[in-house]
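What follows is query17.txt (compact mmCIF, C-alpha atoms and all ligand atoms).
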```
# COMPACT_ATOMS: atom_id res chain seq x y z
CA MET X 44 66.98 18.22 -90.30
CA LYS X 45 69.84 20.51 -89.32
CA LYS X 46 71.65 19.49 -86.14
CA GLU X 47 70.81 21.52 -83.07
CA TRP X 48 73.96 22.17 -81.08
CA ILE X 49 73.87 22.13 -77.31
CA ILE X 50 75.04 25.47 -75.99
CA TYR X 51 76.42 26.35 -72.57
CA LEU X 52 74.75 29.56 -71.40
CA ASP X 53 75.16 30.99 -67.91
CA GLY X 54 75.28 27.77 -65.95
CA GLU X 55 73.01 25.67 -68.14
CA PHE X 56 73.19 23.55 -71.24
CA VAL X 57 70.38 24.42 -73.64
CA LYS X 58 69.39 23.66 -77.21
CA GLN X 59 70.65 26.11 -79.83
CA SER X 60 67.10 27.33 -80.51
CA GLU X 61 66.68 28.10 -76.82
CA ALA X 62 70.07 29.73 -76.28
CA LYS X 63 69.02 33.39 -76.13
CA ILE X 64 70.48 36.42 -74.41
CA SER X 65 68.81 39.65 -73.42
CA VAL X 66 68.57 42.71 -75.67
CA PHE X 67 69.88 44.57 -72.61
CA ASP X 68 73.13 42.62 -72.66
CA GLN X 69 76.17 44.90 -72.89
CA GLY X 70 77.65 42.57 -75.51
CA VAL X 71 74.64 43.12 -77.78
CA LEU X 72 74.29 46.83 -77.10
CA PHE X 73 77.93 47.89 -77.27
CA GLY X 74 80.10 44.96 -78.29
CA ASP X 75 81.17 45.10 -74.66
CA GLY X 76 82.72 41.69 -74.25
CA ILE X 77 85.46 39.33 -75.31
CA PHE X 78 85.75 35.97 -77.03
CA GLU X 79 87.92 33.10 -78.18
CA GLY X 80 87.81 30.80 -81.20
CA ILE X 81 89.35 27.41 -80.44
CA ARG X 82 89.93 24.25 -82.50
CA VAL X 83 89.27 20.64 -81.64
CA TYR X 84 91.50 18.06 -83.34
CA SER X 85 90.95 14.32 -82.85
CA GLY X 86 89.00 14.74 -79.61
CA THR X 87 91.45 17.19 -78.06
CA VAL X 88 91.20 20.95 -77.53
CA PHE X 89 94.15 22.65 -79.22
CA LYS X 90 96.08 25.14 -77.06
CA CYS X 91 93.25 25.23 -74.53
CA GLU X 92 95.32 26.79 -71.78
CA GLU X 93 96.64 29.52 -74.10
CA HIS X 94 93.12 30.43 -75.24
CA ILE X 95 91.80 30.53 -71.67
CA ASN X 96 94.78 32.67 -70.62
CA ARG X 97 94.22 35.07 -73.53
CA LEU X 98 90.53 35.34 -72.64
CA TYR X 99 91.36 36.21 -69.02
CA ASP X 100 93.94 38.76 -70.20
CA SER X 101 91.31 40.35 -72.46
CA ALA X 102 88.86 40.37 -69.53
CA LYS X 103 91.42 42.11 -67.34
CA MET X 104 92.18 44.67 -70.03
CA ILE X 105 88.52 45.67 -70.33
CA LYS X 106 87.84 45.28 -66.60
CA ILE X 107 85.37 42.43 -66.77
CA GLU X 108 85.55 40.55 -63.51
CA MET X 109 85.46 36.84 -64.24
CA THR X 110 83.13 34.99 -61.90
CA MET X 111 84.76 31.61 -62.29
CA SER X 112 88.26 30.20 -62.23
CA LYS X 113 90.21 29.27 -65.34
CA GLU X 114 89.86 25.61 -64.33
CA GLU X 115 86.07 25.89 -64.08
CA LEU X 116 85.82 27.58 -67.46
CA THR X 117 88.09 24.95 -69.01
CA GLY X 118 85.75 22.32 -67.57
CA ILE X 119 82.80 24.02 -69.27
CA VAL X 120 84.62 24.10 -72.61
CA LEU X 121 85.36 20.37 -72.37
CA GLU X 122 81.82 19.53 -71.25
CA THR X 123 80.30 21.54 -74.13
CA CYS X 124 82.43 19.48 -76.54
CA ARG X 125 81.29 16.24 -74.87
CA LYS X 126 77.63 17.24 -75.00
CA ASN X 127 77.98 17.78 -78.76
CA GLN X 128 80.25 14.78 -79.32
CA ILE X 129 82.82 16.93 -81.03
CA LYS X 130 85.84 15.07 -82.38
CA ASP X 131 87.03 17.66 -84.87
CA GLY X 132 85.44 21.07 -84.70
CA TYR X 133 85.37 24.61 -83.47
CA ILE X 134 84.60 26.22 -80.14
CA ARG X 135 83.39 29.78 -79.65
CA LEU X 136 83.70 31.00 -76.08
CA VAL X 137 82.12 34.38 -75.33
CA VAL X 138 82.01 36.57 -72.22
CA THR X 139 80.10 39.86 -72.10
CA ARG X 140 79.92 42.43 -69.32
CA GLY X 141 76.40 41.15 -68.73
CA LEU X 142 73.04 42.80 -68.35
CA GLY X 143 73.00 46.58 -68.60
CA ASP X 144 70.44 49.38 -68.44
CA LEU X 145 71.11 51.09 -71.81
CA SER X 146 73.74 53.37 -70.29
CA LEU X 147 77.37 52.80 -71.22
CA LEU X 148 78.12 51.42 -67.81
CA PRO X 149 75.42 49.57 -65.88
CA LYS X 150 74.70 51.16 -62.52
CA GLU X 151 74.28 47.86 -60.72
CA LYS X 152 77.30 45.60 -60.37
CA HIS X 153 77.28 43.39 -63.40
CA LYS X 154 77.55 39.63 -63.68
CA PRO X 155 79.20 38.54 -66.92
CA THR X 156 77.18 36.58 -69.45
CA ILE X 157 79.14 33.49 -70.47
CA PHE X 158 78.34 31.17 -73.34
CA CYS X 159 80.15 28.43 -75.19
CA ILE X 160 79.34 26.96 -78.60
CA ALA X 161 81.00 23.77 -79.84
CA CYS X 162 80.19 22.92 -83.44
CA SER X 163 81.63 21.89 -86.78
CA ILE X 164 84.02 24.09 -88.69
CA ILE X 165 83.86 25.72 -92.11
CA LEU X 166 87.31 25.95 -93.62
CA TYR X 167 88.60 27.63 -96.74
CA PRO X 168 88.34 25.39 -99.83
CA LYS X 169 90.95 22.61 -99.65
CA GLU X 170 92.66 23.56 -102.92
CA MET X 171 93.43 27.02 -101.54
CA TYR X 172 95.99 25.48 -99.20
CA SER X 173 98.11 24.32 -102.14
CA LEU X 174 97.18 26.93 -104.76
CA GLY X 175 97.19 29.85 -102.37
CA MET X 176 94.50 32.47 -101.81
CA PRO X 177 94.30 35.92 -103.35
CA ILE X 178 93.92 38.80 -100.90
CA ILE X 179 93.80 42.58 -101.10
CA THR X 180 95.08 45.38 -98.91
CA ALA X 181 92.16 47.15 -97.25
CA VAL X 182 91.80 50.91 -97.28
CA GLN X 183 90.53 50.50 -93.71
CA ARG X 184 93.49 50.78 -91.31
CA ARG X 185 93.89 48.52 -88.27
CA ASN X 186 92.86 50.01 -84.92
CA ARG X 187 95.67 51.92 -83.32
CA ALA X 188 97.02 50.05 -80.29
CA THR X 189 97.08 53.20 -78.16
CA ILE X 190 93.35 53.69 -78.78
CA LEU X 191 91.91 50.17 -78.79
CA ASP X 192 94.62 47.54 -78.57
CA PRO X 193 94.04 44.70 -81.08
CA GLN X 194 95.55 42.39 -78.45
CA ILE X 195 92.16 42.56 -76.76
CA LYS X 196 90.02 39.96 -78.50
CA SER X 197 86.90 42.00 -77.96
CA LEU X 198 83.41 41.57 -79.35
CA ASN X 199 83.87 44.85 -81.17
CA TYR X 200 85.10 43.61 -84.55
CA LEU X 201 83.81 46.53 -86.64
CA ASN X 202 87.34 47.49 -87.67
CA ASN X 203 87.90 44.01 -89.09
CA ILE X 204 84.39 43.69 -90.50
CA LEU X 205 84.82 46.88 -92.55
CA ALA X 206 88.03 45.50 -94.04
CA LYS X 207 86.38 42.12 -94.64
CA ILE X 208 83.61 43.88 -96.60
CA GLU X 209 86.29 45.44 -98.78
CA ALA X 210 87.69 41.95 -99.41
CA GLU X 211 84.27 40.61 -100.31
CA GLN X 212 83.62 43.51 -102.68
CA ALA X 213 86.95 42.82 -104.37
CA GLY X 214 85.98 39.17 -104.78
CA VAL X 215 88.52 37.75 -102.33
CA GLN X 216 88.22 36.19 -98.88
CA GLU X 217 90.77 38.08 -96.78
CA ALA X 218 92.11 41.61 -96.52
CA LEU X 219 95.46 42.76 -95.25
CA MET X 220 95.30 45.67 -92.82
CA LEU X 221 98.04 48.26 -92.34
CA THR X 222 98.67 50.57 -89.44
CA GLU X 223 98.02 54.28 -89.88
CA GLU X 224 101.72 54.62 -90.77
CA GLY X 225 101.48 52.03 -93.52
CA ILE X 226 103.19 49.21 -91.60
CA VAL X 227 101.81 45.73 -92.28
CA ALA X 228 99.71 44.63 -89.29
CA GLU X 229 97.51 41.58 -89.89
CA CYS X 230 94.47 40.37 -91.78
CA THR X 231 90.85 40.63 -90.59
CA GLY X 232 90.98 37.26 -88.83
CA ASP X 233 94.51 36.01 -89.41
CA ASN X 234 98.13 36.95 -88.74
CA ILE X 235 100.57 37.33 -91.62
CA PHE X 236 104.03 35.88 -92.33
CA ILE X 237 106.36 36.45 -95.26
CA VAL X 238 109.40 34.44 -96.31
CA THR X 239 112.32 36.39 -97.72
CA ARG X 240 115.54 34.62 -98.69
CA GLY X 241 114.83 31.74 -96.33
CA VAL X 242 113.94 33.90 -93.31
CA LEU X 243 110.46 33.85 -91.79
CA ILE X 244 109.26 37.35 -90.93
CA THR X 245 106.13 38.45 -89.07
CA PRO X 246 105.05 41.81 -87.60
CA PRO X 247 105.73 42.29 -83.87
CA ILE X 248 102.78 42.51 -81.47
CA HIS X 249 103.50 46.18 -80.65
CA VAL X 250 102.57 47.15 -84.21
CA GLY X 251 98.95 46.58 -83.13
CA ILE X 252 97.86 43.01 -83.82
CA LEU X 253 96.27 40.11 -82.03
CA ALA X 254 98.89 37.85 -80.46
CA GLY X 255 97.68 34.88 -82.49
CA ILE X 256 98.01 31.48 -80.89
CA THR X 257 98.59 29.90 -84.31
CA ARG X 258 101.20 32.60 -85.01
CA ASN X 259 103.01 31.65 -81.82
CA THR X 260 102.80 27.93 -82.58
CA VAL X 261 104.21 28.50 -86.08
CA MET X 262 107.11 30.53 -84.70
CA ILE X 263 107.96 27.78 -82.20
CA LEU X 264 107.71 25.03 -84.82
CA ALA X 265 109.82 27.03 -87.28
CA LYS X 266 112.56 27.58 -84.71
CA GLU X 267 112.53 23.86 -83.87
CA MET X 268 112.99 23.16 -87.57
CA GLY X 269 116.03 25.42 -87.69
CA ILE X 270 114.27 28.20 -89.60
CA GLU X 271 115.31 31.74 -88.71
CA VAL X 272 112.28 33.69 -87.43
CA ILE X 273 112.26 37.47 -87.08
CA GLU X 274 109.55 39.72 -85.68
CA LYS X 275 110.03 43.08 -87.37
CA GLU X 276 108.10 45.88 -88.95
CA PHE X 277 107.74 45.78 -92.72
CA THR X 278 105.70 47.41 -95.47
CA LEU X 279 103.76 46.35 -98.55
CA PHE X 280 107.02 46.54 -100.51
CA ASN X 281 108.32 43.55 -98.55
CA VAL X 282 105.06 41.64 -99.04
CA TYR X 283 105.01 42.18 -102.80
CA ALA X 284 108.69 41.25 -103.07
CA ALA X 285 108.48 38.22 -100.74
CA ASP X 286 109.28 34.67 -101.88
CA GLU X 287 106.32 33.29 -99.92
CA CYS X 288 103.46 34.67 -97.89
CA PHE X 289 100.98 32.86 -95.65
CA LEU X 290 98.34 33.64 -93.06
CA THR X 291 97.78 31.91 -89.72
CA GLY X 292 94.68 31.58 -87.59
CA THR X 293 92.70 29.10 -85.56
CA ALA X 294 90.20 28.49 -88.37
CA ALA X 295 92.58 28.96 -91.32
CA GLU X 296 95.55 27.13 -89.74
CA ILE X 297 98.30 28.03 -92.24
CA ILE X 298 97.04 29.23 -95.60
CA SER X 299 99.24 30.23 -98.48
CA VAL X 300 98.71 33.62 -100.16
CA ARG X 301 99.07 33.57 -103.94
CA GLU X 302 98.46 37.25 -104.68
CA VAL X 303 98.18 40.50 -102.79
CA ASP X 304 96.49 43.36 -104.69
CA LYS X 305 96.75 41.25 -107.87
CA ARG X 306 100.54 40.98 -107.53
CA VAL X 307 101.66 37.36 -107.54
CA ILE X 308 103.82 36.46 -104.54
CA GLY X 309 106.79 34.24 -105.41
CA ASP X 310 105.61 31.47 -107.70
CA GLY X 311 102.00 31.91 -106.64
CA GLU X 312 101.42 28.42 -105.28
CA ALA X 313 102.26 27.43 -101.71
CA GLY X 314 106.04 27.64 -101.42
CA PRO X 315 108.38 25.07 -99.82
CA MET X 316 108.54 26.77 -96.40
CA THR X 317 104.73 27.20 -96.24
CA LYS X 318 104.21 23.52 -97.11
CA LYS X 319 106.81 22.35 -94.59
CA LEU X 320 105.24 24.41 -91.81
CA LEU X 321 101.70 23.31 -92.66
CA LYS X 322 102.75 19.65 -92.49
CA ALA X 323 104.52 20.21 -89.15
CA PHE X 324 101.52 22.13 -87.83
CA HIS X 325 99.08 19.34 -88.73
CA GLU X 326 101.21 16.72 -87.02
CA TYR X 327 101.63 18.92 -83.96
CA ALA X 328 97.91 19.79 -83.73
CA GLN X 329 96.91 16.12 -83.83
CA ASN X 330 99.12 15.26 -80.87
CA ASN X 331 99.19 18.17 -78.48
CA GLY X 332 95.66 19.07 -77.40
CA MET X 333 93.82 18.73 -74.08
CA SER X 334 91.84 15.49 -74.03
CA ILE X 335 88.04 15.86 -74.07
CA TYR X 336 87.03 12.24 -73.55
N1 LIG W 1 94.12 38.33 -85.97
C1 LIG W 1 92.81 38.54 -85.75
C2 LIG W 1 92.27 39.91 -85.90
C3 LIG W 1 91.99 37.46 -85.38
O1 LIG W 1 90.68 37.67 -85.15
C4 LIG W 1 92.54 36.18 -85.25
C5 LIG W 1 91.69 35.02 -84.82
N2 LIG W 1 90.70 34.70 -85.72
C6 LIG W 1 93.91 36.01 -85.53
C7 LIG W 1 94.66 37.11 -85.85
C8 LIG W 1 94.56 34.67 -85.40
O2 LIG W 1 94.67 34.32 -84.04
P1 LIG W 1 94.63 32.80 -83.55
O3 LIG W 1 95.76 32.13 -84.22
O4 LIG W 1 94.80 32.90 -82.08
O5 LIG W 1 93.31 32.25 -83.96
```
Take the structure in this file and express it as structure tokens.
Amino acid sequence: MKKEWIIYLDGEFVKQSEAKISVFDQGVLFGDGIFEGIRVYSGTVFKCEEHINRLYDSAKMIKIEMTMSKEELTGIVLETCRKNQIKDGYIRLVVTRGLGDLSLLPKEKHKPTIFCIACSIILYPKEMYSLGMPIITAVQRRNRATILDPQIKSLNYLNNILAKIEAEQAGVQEALMLTEEGIVAECTGDNIFIVTRGVLITPPIHVGILAGITRNTVMILAKEMGIEVIEKEFTLFNVYAADECFLTGTAAEIISVREVDKRVIGDGEAGPMTKKLLKAFHEYAQNNGMSIY
């Protein structure tokens, strides 16, 4: 029988089959909410504080008033992991604006709906990390930051979902998204890095991307390793001509890209810098999380 996860939902721990939210919830009706995806490595929550901080920043940006402190919410995340005996896994923490009345903004003062799932993780196939994954560039452009800032990790992922459908239809698992001006932004669920003549380059946040926690970790690790890291705008030209390309994300970690739009990047397989960073990232992730047990 399939394992039933224990879910935290609005002050209670309930079985997965009983964890239900109302059809009047703003998150369901309008994607009016925010979330985080977090990893557990060896019984520790990776970058817990950073994820909680990002969640609270997203809440502030969309004017959801959090009803509990960061410490309380962290406690809930840890307890959800304990209840499910998670040693290595994935956490999904979600906050919606709460119950509404079908209008865009509920008339009564809302109380956010909060739930937390801690479960196992589905990763890309192992061989992709050494052979690299093929991706395409989506026709769908990334949301413009002045309209709906991708820094907000909101429940409204339609922009990314449309690009992900393009990837699926092209027979690949990720799609690169550009800004309206044709500047490389990020993938549907991952940030992007390229390596050109030994320099690690990634788009700056202001281009309109999520400030990825893995992205930040990779930049710190790279600098510690003496690698030059630059945040600057670049185009598809620079991606196609790069020596290496990889994506970063909580679920993907660091995954090499072998082709973009059927153009082979560098030698195709994971390059030396990608491999070095992936090794450093694994070591770091095993030893730097917040203890659950
Ligand atoms: N960009 C987008 C659009 C994402 O949804 C994510 C998270 N899945 C990322 C980048 C990577 O961010 P993080 O490293 O914090 O998981």
Hey, could you make a per-residue contact list for chain X against ligand LIG 1 (chain W) with 8 Å as the cut-off, showing the nearest pair of atoms and its distance in Å to one decimal, counting only C-alpha atoms and all ligand atoms, sorted by chain and number, as a Markdown table?
```
| residue | atom | partner | partner_atom | distance |
| --- | --- | --- | --- | --- |
| X:Glu79 | CA | W:LIG1 | C5 | 7.9 |
| X:Gly80 | CA | W:LIG1 | O5 | 6.3 |
| X:Ile81 | CA | W:LIG1 | O5 | 7.2 |
| X:His94 | CA | W:LIG1 | O4 | 7.5 |
| X:Pro193 | CA | W:LIG1 | C2 | 7.0 |
| X:Lys196 | CA | W:LIG1 | O1 | 7.1 |
| X:Asn203 | CA | W:LIG1 | C2 | 6.8 |
| X:Glu229 | CA | W:LIG1 | N1 | 6.1 |
| X:Cys230 | CA | W:LIG1 | N1 | 6.2 |
| X:Thr231 | CA | W:LIG1 | C2 | 5.0 |
| X:Gly232 | CA | W:LIG1 | C3 | 3.6 |
| X:Asp233 | CA | W:LIG1 | C7 | 3.7 |
| X:Asn234 | CA | W:LIG1 | C7 | 4.5 |
| X:Ile252 | CA | W:LIG1 | N1 | 6.4 |
| X:Leu253 | CA | W:LIG1 | N1 | 4.8 |
| X:Ala254 | CA | W:LIG1 | O2 | 6.6 |
| X:Gly255 | CA | W:LIG1 | O2 | 3.4 |
| X:Ile256 | CA | W:LIG1 | O4 | 3.7 |
| X:Thr257 | CA | W:LIG1 | O3 | 3.6 |
| X:Arg258 | CA | W:LIG1 | O3 | 5.5 |
| X:Asn259 | CA | W:LIG1 | O3 | 7.7 |
| X:Thr291 | CA | W:LIG1 | O3 | 5.9 |
| X:Gly292 | CA | W:LIG1 | O3 | 3.6 |
| X:Thr293 | CA | W:LIG1 | O5 | 3.6 |
| X:Ala294 | CA | W:LIG1 | O5 | 6.6 |
| X:Glu296 | CA | W:LIG1 | O3 | 7.5 |
```
If you count all atoms listed in the file, which residues fall within 9 Å of X:Val182, apart from same-chain ones fewer than 5 positions away, as a ChimeraX atom specification? /X:206,209,220-221
Could you list, as JSON, numbers by chain, every residue within 12 Å of X:Gly118, counting all atoms listed in the file and ignoring same-chain residues fewer than 5 positions away? {"X": [51, 54, 88, 91, 92, 95, 111, 112, 113, 123, 124, 125, 159, 333, 334, 335, 336]}
Stretch 171-284 of chain X residues near stretch 315-319 of chain X within 10 Å, closest pair each, using only C-alpha atoms, as JSON lines:
```
{"residue": "X:Tyr172", "atom": "CA", "partner": "X:Lys318", "partner_atom": "CA", "distance": 8.7}
{"residue": "X:Ser173", "atom": "CA", "partner": "X:Lys318", "partner_atom": "CA", "distance": 7.9}
{"residue": "X:Phe236", "atom": "CA", "partner": "X:Thr317", "partner_atom": "CA", "distance": 9.5}
{"residue": "X:Ile237", "atom": "CA", "partner": "X:Thr317", "partner_atom": "CA", "distance": 9.4}
{"residue": "X:Val238", "atom": "CA", "partner": "X:Met316", "partner_atom": "CA", "distance": 7.7}
{"residue": "X:Gly241", "atom": "CA", "partner": "X:Met316", "partner_atom": "CA", "distance": 8.0}
{"residue": "X:Val242", "atom": "CA", "partner": "X:Met316", "partner_atom": "CA", "distance": 9.5}
{"residue": "X:Leu243", "atom": "CA", "partner": "X:Met316", "partner_atom": "CA", "distance": 8.7}
{"residue": "X:Ala265", "atom": "CA", "partner": "X:Lys319", "partner_atom": "CA", "distance": 9.2}
{"residue": "X:Met268", "atom": "CA", "partner": "X:Lys319", "partner_atom": "CA", "distance": 9.4}
{"residue": "X:Ile270", "atom": "CA", "partner": "X:Met316", "partner_atom": "CA", "distance": 9.0}
```
Report, in Å to a single decimal, how far apart atom CA of X:Lys126 and atom CA of X:Phe89 are.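 Going from atom CA of X:Phe89 over to atom CA of X:Lys126, I get 17.9 Å.
Using all atoms listed in the file, the shortest contact distance between X:Ser146 and any of X:Leu72, X:Leu116, X:Ile164, X:Leu198 is found at X:Leu72.
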For a cut-off of 8 Å around (99.0, 34.8, -103.9), file coordinates, pick out all residues using all atoms listed in the file and list them as an MDAnalysis selection string. chainID X and resid 175:178 288 299:303 305:309 311:312
Would you mind listing what lies within 9 Å of X:Met109 as a VMD selection string, with all atoms listed in the file counted and same-chain residues fewer than 5 positions away left out? chain X and resid 99 102 to 103 138 154 to 155
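Separating atom CA of X:Val137 from atom CA of X:Phe289 is a distance of 27.8 Å.
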Of the residues X:Gly269, X:Leu201, X:Leu52, X:Gly251, which is the one nearest to X:Ser65, using only C-alpha atoms?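 Looking at the shortest contact to X:Ser65, the residue is X:Leu52.
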Centre, x/y/z edge lengths, axis-aligned box for stretch 151-161 of chain X with 4 Å per side, as lines of an AutoDock Vina configuration file:
```
center_x = 77.6
center_y = 35.8
center_z = -70.1
size_x = 14.7
size_y = 32.1
size_z = 27.5
```
Excluding X:Ile226 and residues on its chain fewer than 4 positions from it, collect all residues at most 6 Å away from it, counting only C-alpha atoms, and give them as a ChimeraX atom specification. /X:221-222,277-278
